[in-house]
Amino acid sequence: MIEEPSGREPLHQPLTAEQVEKFFQEGFLVIEKPQIPAAELEWCRDILMRMILGGERRSEGRNLDLTASDGAGDMTSPSVLQPSMYATELRKLSYRKAALATARQLLGADAEFAGDHAIFKPSQRGHPTPWHQDEAFREPGFDYNELSIWIAITESTVDNGAMAYIPGSHLLGLLPHRLHGGGKNANTIECYEGFDPQTAAVRPIPAGAMIIHHGLTVHGAFGNKTDSSRLAYILQYTTPVKMSKHIHKAPWLDHLRSGNQQQRKSYLMHGGIFPELWRILRSDRHSHRHFLSFFWLTLAATGNTQTGSWPLSSQPQPLPISGQFQIAATHELVLLVSAHRAFPIDGARRQARIVFLIIEQRL
């Protein structure tokens, strides 16, 4: 049993000691036996495909071609970010309870659901997913402890887009990334050095099975060369985000999805923040008070200082924000601050850290 904070029902430990050891040794773990029944997979597939093919939330910057880049041609990989915030019925997925128990077994009892993501590879032209680390998408200045559970909604094969992992790469730290393809425009990033692609472990799995990987594990996926499509649904979990003493350099984020970020900024600053706030409050009952304080401090704290560093008298402490808001908040706040005061992105990151410091001190 996993020891839970007071008021929570204890969760069983889904993984064996050997599985836990393998996860921490290799940075990923394959659960080959399907955990989700066929009827539920079909139900989930219908919801996700409705959102992907219908272009739902595209105007809000949530529906995009993940691997679009200079020279991509007609290859594509449509995706939806945070689908369960909009299609709330996805929260009824039966595996969610086991997924949370798994995350707490691997990350600690304070792990919470942080978000979800759907990725579609259409037949014959599904684009490969470039090598990357999930943590490379996170805002610098914070420390993360996260994992993802990659669920095969349809069968995953070598020919239609199976996942591939670099064993032990989670122990290398955050590696250099760049825009996908090395171009000037791309919707995603790629890890281009610091690891050996020849050591990759390719892991095809049946529908309903899943692969758990660490936030620093280098991974990617093949393209789809078959006549059938491939759909994956990813659940993300994290422990409370901690503030780093220093902001590490992440130049790849400055230009990532520039068009999509502008669209997202425009949506948030033209009233979109209010329905977004409502969705987040509705998605996580533990974050109500913290999110409201966070929202007002965001608007009040911008412009308080232009310095890029300050002394931290103690070790970084967890932010008092839980659930789905934890990881998404860091990126959303940078977008909000930069749009609100027309700050350059580095200035927005400094202001975001100030807001989090104020929250740490006052809540």
# chains A, B, ... in the order shown; residues from 1 in each chain; ligands from 1
call {"tool": "residues_around", "arguments": {"residues": "Glu89 (chain A)", "least_positions_apart": "5", "cutoff": "10 Å", "atoms": "only C-alpha atoms", "output": "compact mmCIF listing (two decimals) with N, CA and C atoms, in the first residue's frame"}}
result
# COMPACT_ATOMS: atom_id res chain seq x y z
N CYS A 44 -12.66 5.83 -25.99
CA CYS A 44 -11.62 6.85 -25.88
C CYS A 44 -11.18 7.32 -27.27
N ILE A 47 -13.62 9.82 -28.85
CA ILE A 47 -13.54 11.17 -28.27
C ILE A 47 -12.33 11.91 -28.82
N PRO A 83 -6.57 17.36 -23.56
CA PRO A 83 -7.93 17.06 -24.04
C PRO A 83 -8.96 16.86 -22.93
N SER A 84 -8.54 16.36 -21.77
CA SER A 84 -9.52 16.10 -20.71
C SER A 84 -10.01 17.37 -20.04
call {"tool": "residues_around", "arguments": {"residues": "His132 (chain A)", "least_positions_apart": "5", "cutoff": "9 Å", "atoms": "only C-alpha atoms", "output": "CSV table (one decimal) with C-alpha atoms, in the first residue's frame"}}
result
chain,number,residue,atom,x,y,z
A,175,LEU,CA,20.5,17.6,-23.0
A,177,HIS,CA,17.7,20.6,-28.0
A,189,ILE,CA,12.0,20.3,-30.7
A,190,GLU,CA,14.6,17.6,-31.1
A,191,CYS,CA,17.5,16.4,-29.0
A,192,TYR,CA,20.5,16.4,-31.3
A,216,LEU,CA,14.3,13.1,-18.7
A,217,THR,CA,14.3,9.9,-20.8
A,218,VAL,CA,15.2,10.5,-24.4
A,219,HIS,CA,12.5,9.0,-26.6
A,220,GLY,CA,10.9,9.3,-30.0
call {"tool": "select_by_dssp", "arguments": {"residues": "region 127-257 of chain A", "states": "alpha helix (DSSP H)", "output": "list in words"}}
result
Pro251, Trp252, Leu253, Asp254 and His255 of chain A
call {"tool": "residues_around", "arguments": {"residues": "Ile36 (chain A)", "least_positions_apart": "2", "cutoff": "7 Å", "atoms": "only C-alpha atoms", "output": "short mmCIF file (atom, residue, chain, number, x, y, z; two decimals) with C-alpha atoms, in the first residue's frame"}}
result
data_model
loop_
_atom_site.label_atom_id
_atom_site.label_comp_id
_atom_site.auth_asym_id
_atom_site.auth_seq_id
_atom_site.Cartn_x
_atom_site.Cartn_y
_atom_site.Cartn_z
CA PRO A 34 -3.32 -4.58 -22.02
CA ALA A 38 -11.38 -3.02 -26.05
CA GLU A 40 -13.23 1.45 -23.51
CA LEU A 41 -10.40 1.91 -26.00
CA TYR A 95 -7.16 3.22 -15.89
CA GLY A 208 -4.52 -1.13 -24.30
#
call {"tool": "residues_around", "arguments": {"residues": "Thr226 (chain A)", "least_positions_apart": "4", "cutoff": "8 Å", "atoms": "only C-alpha atoms", "output": "list in words"}}
result
Ser123, Gln124, Asp159 and Asn160 of chain A
call {"tool": "residues_around", "arguments": {"residues": "Phe120 (chain A)", "least_positions_apart": "2", "cutoff": "9 Å", "atoms": "only C-alpha atoms", "output": "PyMOL selection string"}}
result
chain A and resi 49+52+76-80+118+122+126+229-233
call {"tool": "closest_residue", "arguments": {"among": "A:Pro197, A:Thr188, A:Phe142, A:Glu112", "to": "His248 (chain A)", "atoms": "only C-alpha atoms"}}
result
A:Phe142
